[in-house]
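Below: the structure, in structure tokens.
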Amino acid sequence: MAEALRVGIAGLGTVGASVARVLTHKAAELTRQCGRPIEIAAVSARDATKDRGVDLTAAQWFVDPVKMAANADIDVFIELIGGDEGPAREAVKAALEAGKHVVTANKALLAKHGVALAEIAEKKGVLLNYEAAVAGGIPVIKTMREALAGNSVNRVFGILNGTCNYILTRMEAEGISFDECLKDAQRLGYAEADPTFDIEGNDTAHKLSILTALAFGTKIAAGDIYLEGISNISQADIRAAAELGYRIKLLGVAQRTESGIEQRVHPTMVPTASVIAQVHGVTNAVAIETDILGELLLSGPGAGGNATASAVIGDIADIAKSRPGFQHGPVFGWPAKQLKPYKKAQMRSHAGGYFIRLTVHDRTGVFAAIAKRMADNDISLESIVQRSVEAKDQKTVILVTHETTEAAVRKATDGITKDGHLTDKPQIIRIERAA
């Protein structure tokens with residue numbers, strides 16, 4: 001039998017401890033599948049005495065993950081520390097420069113430093129695997145890097161944050177407010193004490209930026225993503241969407257356009273009958289549209305110790321199956337030095353349908369003025385709904401447009417605002433084409 005693959009795990013939190021347990025408890029099965037044993041040779045964590053449900057006494061313990069990363073006694077460095085700077089970045093860089101394979105679940109690190117780290121990995125002829133960094137246990141990275149060879153990707157989009165999907169699912173199912181759902185999500189451990197990174201779309205943006213690089217061969221550009229969160233979604237929006245045959249989801253969308261690559265994260269209305277509309281709770285889903293295959297939808301657990309550990313174990317197994325001298329494929333599908341500069345498409349030229357909810361003064365001429373502003377901007381309306389609200393002197397006007405541009409919608413709503421007809425900010429939600 002081939003020599004054991006010696007791994008070092010940095011970070012023994014929920015995911016790291018789960019990885020250690022799987023490697024230990026399923027050692028025989030992994031040996032059979034990989035053709036060689038996988039051995040936990042070293043670990044790095046703050047507390048060596050904490051019970052993690054697995055015996056790690058045979059492993060070397062390191063306080064400093066950077067020292068472990070360069071240690072000659074490991075073949076693979078597994079980074080589960082988190083963060084885009086500090087020990088995580090230093091340790092991953094040290095491991096790659098020492099000729100060690102690296103497995104990471106750190107989307108923030110990759111979104112900021114992924115290209116530079118990929119250059120080191122490719123120069124040293126080692127693997128940088130990161131399946132767990134995007135969509136938890138769903139094998140979307142492997143699918144895009146390996147299974148879609150020969151396909152050109154036109155668009156990739158999906159539900160990439162379980163916290164947001166859980167909140168929107170419960171808001172619709174139970175008719176409760178965003179704030180109430182968020183408190184429950186925090187209580188159940190689906191949302192952090194400070195949930196901003198999730199609910200304002202930053203987590204989704206990091207994951208989307210990685211998928212964009214894989215899909216289009218561009219350098220990662222997480223800072224160039226149009227970003228809106230879900231904190232302004234109300235029950236009025238949820239109910240109106242349902243009445244119109246839509247469901248609201250927070251989507252990350254990347255697509256090729258004539259003016260460049262469009263990357264956006266925002267609440268989106270998708271047809272209730274579409275497959276992605278049926279993705280509920282903390283589940284994630286990623287749709288990939290290609291020229292040969294058409295549309296492929298991958299769905300499954302997007303977070304949690306076991307789901308993320310499953311992806312990490314898969315990456316380790318791939319390394320165990322590789323042999324010395326084997327030429328590894330590039331980290332992001334294209335050699336890192338050949339990744340093209342990211343050319344950002346202008347969001348205001350984005351074309352599609354829109355849901356527009358306006359709270360207006362209940363007085364003569366308002367409805368006609370709104371219709372005129374839409375017509376002046378060449379916006380064709382699919383439907384118009386007018387309804388009363390609790391305040392007697394106000395009404396809600398809901399518009400659904402045919403395909404138009406972001407610029408036209410913004411110009412029309414700016415005009416309606418200047419006309420003095422609104423009692424609140426207009427709510428604008430894009431309608432996304434989805435299978």
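Chain identifiers are assigned as A, B, and so on, following the order in which chains appear in the structure tokens; residues are numbered from 1 within each chain, and ligands are numbered from 1 in order of appearance.
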With only C-alpha atoms counted and 10 Å as the cut-off, give the residues of segment 285-401 of chain A in contact with segment 82-103 of chain A, each with its shortest interatomic distance in Å and the pair that gives it, as CSV.
residue,atom,partner,partner_atom,distance
A:Ala311,CA,A:Val103,CA,9.8
A:Val312,CA,A:Val103,CA,6.8
A:Ile313,CA,A:Val103,CA,9.1
A:Gly314,CA,A:Val103,CA,9.8
A:Asp315,CA,A:Val103,CA,6.6
A:Ile316,CA,A:Val103,CA,7.0
A:Ile319,CA,A:His101,CA,7.7
Include N, CA and C atoms and write out the residues we just selected as a compact mmCIF listing (two decimals), in the first residue's frame.
# COMPACT_ATOMS: atom_id res chain seq x y z
N ALA A 311 -17.18 18.57 2.17
CA ALA A 311 -16.45 19.18 1.05
C ALA A 311 -14.94 19.17 1.30
N VAL A 312 -14.53 19.45 2.54
CA VAL A 312 -13.11 19.42 2.88
C VAL A 312 -12.54 18.01 2.69
N ILE A 313 -13.27 17.01 3.17
CA ILE A 313 -12.82 15.61 3.02
C ILE A 313 -12.69 15.24 1.55
N GLY A 314 -13.64 15.69 0.73
CA GLY A 314 -13.56 15.42 -0.70
C GLY A 314 -12.29 15.99 -1.32
N ASP A 315 -11.93 17.22 -0.90
CA ASP A 315 -10.69 17.84 -1.40
C ASP A 315 -9.46 17.07 -0.96
N ILE A 316 -9.46 16.62 0.30
CA ILE A 316 -8.32 15.83 0.81
C ILE A 316 -8.21 14.52 0.03
N ILE A 319 -6.52 14.84 -3.27
CA ILE A 319 -5.06 14.93 -3.13
C ILE A 319 -4.47 13.55 -2.86
Give me the segment 305-377 of chain A side of the contact with segment 11-21 of chain A, cut-off 7 Å, one line per residue showing its nearest atom pair and distance in Å at one decimal, counting only C-alpha atoms, sorted by chain and residue number, as a tab-separated table.
residue	atom	partner	partner_atom	distance
A:Gly305	CA	A:Val15	CA	4.4
A:Asn306	CA	A:Ser18	CA	6.3
A:Thr308	CA	A:Val15	CA	6.5
A:Ala309	CA	A:Val19	CA	5.1
A:Ile313	CA	A:Val19	CA	6.8
For the residues selected in the previous step, produce a file with C-alpha atoms as a short mmCIF file (atom, residue, chain, number, x, y, z; two decimals), in the first residue's frame.
data_model
loop_
_atom_site.label_atom_id
_atom_site.label_comp_id
_atom_site.auth_asym_id
_atom_site.auth_seq_id
_atom_site.Cartn_x
_atom_site.Cartn_y
_atom_site.Cartn_z
CA GLY A 305 -20.10 21.40 10.35
CA ASN A 306 -20.98 18.19 8.51
CA THR A 308 -18.59 21.84 5.09
CA ALA A 309 -16.51 18.94 6.44
CA ILE A 313 -12.82 15.61 3.02
#
**Item:** Spatial neighbours of Glu406 of chain A, 12 Å, only C-alpha atoms, chain gap at least 5 places, as a PyMOL selection string
**Value:** chain A and resi 346-356+377+379+401+411-413+428-431
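For the choices A:Ser274, A:Thr423, A:Ser383, A:Ser299, the atom-to-atom distance to Ala135 of chain A is smallest for A:Ser299 when using only C-alpha atoms.
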Report, in Å to a single decimal, how far apart atom CA of Ile276 of chain A and atom CA of Phe216 of chain A are.
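Separation between atom CA of Phe216 of chain A and atom CA of Ile276 of chain A: 22.5 Å.
Taking only C-alpha atoms into account, Thr104 of chain A lies nearest to A:Gly8 out of the set A:Gly260, A:Gly35, A:Gly8, A:Gly302.
Here the question is which of A:Glu39, A:Asp237, A:Asp378, A:Glu200 gets nearest to Asn161 of chain A using only C-alpha atoms, and that residue is A:Glu200.
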Separating atom CA of Arg187 of chain A from atom CA of Thr163 of chain A, to the nearest tenth of an Å, is a gap of 12.1 Å
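The closest residue to Leu250 of chain A, picked from A:Thr396, A:Asn232, A:Ser388, A:Thr49 and counting only C-alpha atoms, is A:Asn232.
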Secondary structure check, strand (DSSP E) residues of segment 371-417 of chain A, as an mmCIF file with all heavy atoms, in the first residue's frame:
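Contents of part-v6.cif, as written:
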data_model
loop_
_atom_site.group_PDB
_atom_site.id
_atom_site.type_symbol
_atom_site.label_atom_id
_atom_site.label_comp_id
_atom_site.auth_asym_id
_atom_site.auth_seq_id
_atom_site.Cartn_x
_atom_site.Cartn_y
_atom_site.Cartn_z
ATOM 1 N N LEU A 381 -45.487 48.241 -18.967
ATOM 2 C CA LEU A 381 -45.955 47.614 -17.735
ATOM 3 C C LEU A 381 -46.736 46.336 -18.024
ATOM 4 O O LEU A 381 -47.649 46.328 -18.846
ATOM 5 C CB LEU A 381 -46.825 48.589 -16.942
ATOM 6 C CG LEU A 381 -46.107 49.864 -16.461
ATOM 7 C CD1 LEU A 381 -47.094 50.795 -15.775
ATOM 8 C CD2 LEU A 381 -44.964 49.527 -15.519
ATOM 9 N N GLU A 382 -46.373 45.285 -17.328
ATOM 10 C CA GLU A 382 -47.088 44.018 -17.449
ATOM 11 C C GLU A 382 -48.342 44.027 -16.594
ATOM 12 O O GLU A 382 -49.382 43.511 -16.982
ATOM 13 C CB GLU A 382 -46.157 42.878 -17.009
ATOM 14 C CG GLU A 382 -46.785 41.506 -17.087
ATOM 15 C CD GLU A 382 -45.827 40.420 -16.639
ATOM 16 O OE1 GLU A 382 -44.694 40.373 -17.155
ATOM 17 O OE2 GLU A 382 -46.203 39.621 -15.767
ATOM 18 N N SER A 383 -48.251 44.630 -15.402
ATOM 19 C CA SER A 383 -49.420 44.705 -14.527
ATOM 20 C C SER A 383 -49.301 45.897 -13.581
ATOM 21 O O SER A 383 -48.194 46.341 -13.261
ATOM 22 C CB SER A 383 -49.591 43.416 -13.712
ATOM 23 O OG SER A 383 -48.523 43.248 -12.810
ATOM 24 N N ILE A 384 -50.481 46.406 -13.164
ATOM 25 C CA ILE A 384 -50.553 47.499 -12.195
ATOM 26 C C ILE A 384 -51.616 47.121 -11.172
ATOM 27 O O ILE A 384 -52.740 46.768 -11.529
ATOM 28 C CB ILE A 384 -50.956 48.835 -12.861
ATOM 29 C CG1 ILE A 384 -50.044 49.155 -14.049
ATOM 30 C CG2 ILE A 384 -50.924 49.966 -11.851
ATOM 31 C CD1 ILE A 384 -50.501 50.358 -14.854
ATOM 32 N N VAL A 385 -51.247 47.175 -9.898
ATOM 33 C CA VAL A 385 -52.192 46.869 -8.825
ATOM 34 C C VAL A 385 -52.205 48.062 -7.871
ATOM 35 O O VAL A 385 -51.152 48.570 -7.483
ATOM 36 C CB VAL A 385 -51.784 45.589 -8.055
ATOM 37 C CG1 VAL A 385 -52.738 45.321 -6.898
ATOM 38 C CG2 VAL A 385 -51.727 44.387 -8.996
ATOM 39 N N GLN A 386 -53.415 48.489 -7.496
ATOM 40 C CA GLN A 386 -53.567 49.602 -6.573
ATOM 41 C C GLN A 386 -54.365 49.100 -5.369
ATOM 42 O O GLN A 386 -55.401 48.453 -5.546
ATOM 43 C CB GLN A 386 -54.316 50.744 -7.274
ATOM 44 C CG GLN A 386 -54.191 52.069 -6.587
ATOM 45 C CD GLN A 386 -54.819 53.189 -7.398
ATOM 46 O OE1 GLN A 386 -54.749 54.336 -7.018
ATOM 47 N NE2 GLN A 386 -55.439 52.880 -8.520
ATOM 48 N N ARG A 387 -53.876 49.347 -4.168
ATOM 49 C CA ARG A 387 -54.610 48.896 -2.991
ATOM 50 C C ARG A 387 -54.469 49.902 -1.858
ATOM 51 O O ARG A 387 -53.493 50.650 -1.779
ATOM 52 C CB ARG A 387 -54.129 47.519 -2.541
ATOM 53 C CG ARG A 387 -52.678 47.396 -2.201
ATOM 54 C CD ARG A 387 -52.426 46.078 -1.438
ATOM 55 N NE ARG A 387 -52.707 44.919 -2.257
ATOM 56 C CZ ARG A 387 -51.803 44.187 -2.872
ATOM 57 N NH1 ARG A 387 -50.528 44.507 -2.755
ATOM 58 N NH2 ARG A 387 -52.130 43.156 -3.590
ATOM 59 N N SER A 388 -55.430 49.882 -0.978
ATOM 60 C CA SER A 388 -55.422 50.767 0.186
ATOM 61 C C SER A 388 -54.488 50.210 1.253
ATOM 62 O O SER A 388 -54.219 49.005 1.311
ATOM 63 C CB SER A 388 -56.832 50.906 0.763
ATOM 64 O OG SER A 388 -57.697 51.483 -0.194
ATOM 65 N N GLN A 394 -53.281 57.232 2.257
ATOM 66 C CA GLN A 394 -52.229 56.636 1.433
ATOM 67 C C GLN A 394 -52.746 55.436 0.656
ATOM 68 O O GLN A 394 -53.743 54.820 1.035
ATOM 69 C CB GLN A 394 -51.049 56.184 2.318
ATOM 70 C CG GLN A 394 -50.337 57.307 3.041
ATOM 71 C CD GLN A 394 -49.221 56.785 3.922
ATOM 72 O OE1 GLN A 394 -48.788 55.644 3.788
ATOM 73 N NE2 GLN A 394 -48.743 57.636 4.832
ATOM 74 N N LYS A 395 -52.055 55.137 -0.436
ATOM 75 C CA LYS A 395 -52.339 53.931 -1.206
ATOM 76 C C LYS A 395 -51.008 53.285 -1.597
ATOM 77 O O LYS A 395 -49.976 53.954 -1.644
ATOM 78 C CB LYS A 395 -53.144 54.260 -2.466
ATOM 79 C CG LYS A 395 -54.632 54.441 -2.227
ATOM 80 C CD LYS A 395 -55.374 54.520 -3.548
ATOM 81 C CE LYS A 395 -56.879 54.651 -3.335
ATOM 82 N NZ LYS A 395 -57.455 53.444 -2.733
ATOM 83 N N THR A 396 -51.072 51.988 -1.882
ATOM 84 C CA THR A 396 -49.911 51.275 -2.425
ATOM 85 C C THR A 396 -50.161 50.992 -3.896
ATOM 86 O O THR A 396 -51.235 50.511 -4.271
ATOM 87 C CB THR A 396 -49.676 49.949 -1.676
ATOM 88 O OG1 THR A 396 -49.354 50.231 -0.322
ATOM 89 C CG2 THR A 396 -48.531 49.165 -2.300
ATOM 90 N N VAL A 397 -49.184 51.323 -4.711
ATOM 91 C CA VAL A 397 -49.243 51.027 -6.149
ATOM 92 C C VAL A 397 -48.119 50.046 -6.456
ATOM 93 O O VAL A 397 -46.949 50.309 -6.150
ATOM 94 C CB VAL A 397 -49.081 52.305 -6.995
ATOM 95 C CG1 VAL A 397 -49.075 51.951 -8.476
ATOM 96 C CG2 VAL A 397 -50.181 53.300 -6.681
ATOM 97 N N ILE A 398 -48.478 48.918 -7.027
ATOM 98 C CA ILE A 398 -47.497 47.893 -7.375
ATOM 99 C C ILE A 398 -47.444 47.758 -8.894
ATOM 100 O O ILE A 398 -48.464 47.520 -9.547
ATOM 101 C CB ILE A 398 -47.850 46.543 -6.730
ATOM 102 C CG1 ILE A 398 -47.755 46.660 -5.201
ATOM 103 C CG2 ILE A 398 -46.923 45.441 -7.237
ATOM 104 C CD1 ILE A 398 -48.309 45.484 -4.460
ATOM 105 N N LEU A 399 -46.243 47.919 -9.437
ATOM 106 C CA LEU A 399 -46.019 47.836 -10.873
ATOM 107 C C LEU A 399 -45.107 46.654 -11.177
ATOM 108 O O LEU A 399 -44.110 46.436 -10.463
ATOM 109 C CB LEU A 399 -45.362 49.117 -11.391
ATOM 110 C CG LEU A 399 -45.954 50.454 -10.946
ATOM 111 C CD1 LEU A 399 -45.041 51.595 -11.382
ATOM 112 C CD2 LEU A 399 -47.349 50.640 -11.513
ATOM 113 N N VAL A 400 -45.421 45.909 -12.209
ATOM 114 C CA VAL A 400 -44.519 44.877 -12.726
ATOM 115 C C VAL A 400 -44.225 45.241 -14.170
ATOM 116 O O VAL A 400 -45.144 45.377 -14.985
ATOM 117 C CB VAL A 400 -45.133 43.466 -12.636
ATOM 118 C CG1 VAL A 400 -44.197 42.443 -13.284
ATOM 119 C CG2 VAL A 400 -45.409 43.090 -11.189
ATOM 120 N N THR A 401 -42.948 45.433 -14.483
ATOM 121 C CA THR A 401 -42.573 45.880 -15.828
ATOM 122 C C THR A 401 -42.205 44.705 -16.723
ATOM 123 O O THR A 401 -41.828 43.628 -16.249
ATOM 124 C CB THR A 401 -41.371 46.838 -15.777
ATOM 125 O OG1 THR A 401 -40.164 46.074 -15.610
ATOM 126 C CG2 THR A 401 -41.503 47.852 -14.642
ATOM 127 N N THR A 404 -36.831 45.975 -19.173
ATOM 128 C CA THR A 404 -36.387 47.353 -19.319
ATOM 129 C C THR A 404 -35.001 47.448 -18.702
ATOM 130 O O THR A 404 -34.410 46.426 -18.341
ATOM 131 C CB THR A 404 -37.375 48.322 -18.648
ATOM 132 O OG1 THR A 404 -36.963 49.672 -18.919
ATOM 133 C CG2 THR A 404 -37.460 48.106 -17.146
ATOM 134 N N THR A 405 -34.470 48.655 -18.589
ATOM 135 C CA THR A 405 -33.127 48.802 -18.025
ATOM 136 C C THR A 405 -33.189 49.376 -16.617
ATOM 137 O O THR A 405 -34.137 50.069 -16.249
ATOM 138 C CB THR A 405 -32.260 49.728 -18.890
ATOM 139 O OG1 THR A 405 -32.810 51.043 -18.875
ATOM 140 C CG2 THR A 405 -32.148 49.208 -20.316
#
Name the residues of segment 29-69 of chain A that fall into helix (DSSP H, G or I) according to DSSP on the backbone, using the chain letters and numbers of this document, as a PDB file with N, CA, C and O atoms, in the first residue's frame.
ATOM      1  N   GLU A  29     -12.592   3.221   5.382  1.00  0.00           N
ATOM      2  CA  GLU A  29     -13.333   3.491   4.146  1.00  0.00           C
ATOM      3  C   GLU A  29     -12.569   4.453   3.249  1.00  0.00           C
ATOM      4  O   GLU A  29     -12.500   4.276   2.024  1.00  0.00           O
ATOM      5  N   LEU A  30     -11.955   5.485   3.837  1.00  0.00           N
ATOM      6  CA  LEU A  30     -11.186   6.449   3.047  1.00  0.00           C
ATOM      7  C   LEU A  30      -9.939   5.799   2.455  1.00  0.00           C
ATOM      8  O   LEU A  30      -9.566   6.092   1.316  1.00  0.00           O
ATOM      9  N   THR A  31      -9.325   4.897   3.185  1.00  0.00           N
ATOM     10  CA  THR A  31      -8.163   4.186   2.661  1.00  0.00           C
ATOM     11  C   THR A  31      -8.543   3.365   1.439  1.00  0.00           C
ATOM     12  O   THR A  31      -7.834   3.342   0.422  1.00  0.00           O
ATOM     13  N   ARG A  32      -9.678   2.682   1.530  1.00  0.00           N
ATOM     14  CA  ARG A  32     -10.158   1.894   0.385  1.00  0.00           C
ATOM     15  C   ARG A  32     -10.449   2.784  -0.812  1.00  0.00           C
ATOM     16  O   ARG A  32     -10.081   2.456  -1.948  1.00  0.00           O
ATOM     17  N   GLN A  33     -11.105   3.926  -0.588  1.00  0.00           N
ATOM     18  CA  GLN A  33     -11.491   4.807  -1.691  1.00  0.00           C
ATOM     19  C   GLN A  33     -10.288   5.514  -2.324  1.00  0.00           C
ATOM     20  O   GLN A  33     -10.272   5.753  -3.545  1.00  0.00           O
ATOM     21  N   CYS A  34      -9.302   5.852  -1.489  1.00  0.00           N
ATOM     22  CA  CYS A  34      -8.169   6.652  -1.976  1.00  0.00           C
ATOM     23  C   CYS A  34      -6.951   5.826  -2.356  1.00  0.00           C
ATOM     24  O   CYS A  34      -6.032   6.327  -3.008  1.00  0.00           O
ATOM     25  N   PRO A  65      -0.042  28.242  13.711  1.00  0.00           N
ATOM     26  CA  PRO A  65      -0.361  27.498  12.478  1.00  0.00           C
ATOM     27  C   PRO A  65       0.649  27.721  11.370  1.00  0.00           C
ATOM     28  O   PRO A  65       0.801  26.859  10.499  1.00  0.00           O
ATOM     29  N   VAL A  66       1.348  28.850  11.393  1.00  0.00           N
ATOM     30  CA  VAL A  66       2.345  29.120  10.352  1.00  0.00           C
ATOM     31  C   VAL A  66       3.505  28.140  10.471  1.00  0.00           C
ATOM     32  O   VAL A  66       4.011  27.626   9.467  1.00  0.00           O
ATOM     33  N   LYS A  67       3.925  27.852  11.692  1.00  0.00           N
ATOM     34  CA  LYS A  67       4.995  26.869  11.898  1.00  0.00           C
ATOM     35  C   LYS A  67       4.544  25.480  11.460  1.00  0.00           C
ATOM     36  O   LYS A  67       5.311  24.722  10.866  1.00  0.00           O
ATOM     37  N   MET A  68       3.284  25.141  11.753  1.00  0.00           N
ATOM     38  CA  MET A  68       2.774  23.840  11.324  1.00  0.00           C
ATOM     39  C   MET A  68       2.721  23.749   9.805  1.00  0.00           C
ATOM     40  O   MET A  68       3.013  22.708   9.217  1.00  0.00           O
ATOM     41  N   ALA A  69       2.350  24.865   9.156  1.00  0.00           N
ATOM     42  CA  ALA A  69       2.190  24.865   7.697  1.00  0.00           C
ATOM     43  C   ALA A  69       3.474  24.497   6.970  1.00  0.00           C
ATOM     44  O   ALA A  69       3.439  23.841   5.926  1.00  0.00           O
TER      45      ALA A  69
END
Report, in Å to a single decimal, how far apart atom CA of Ala108 of chain A and atom CA of Val286 of chain A are.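 Interatomic distance here is 18.8 Å.
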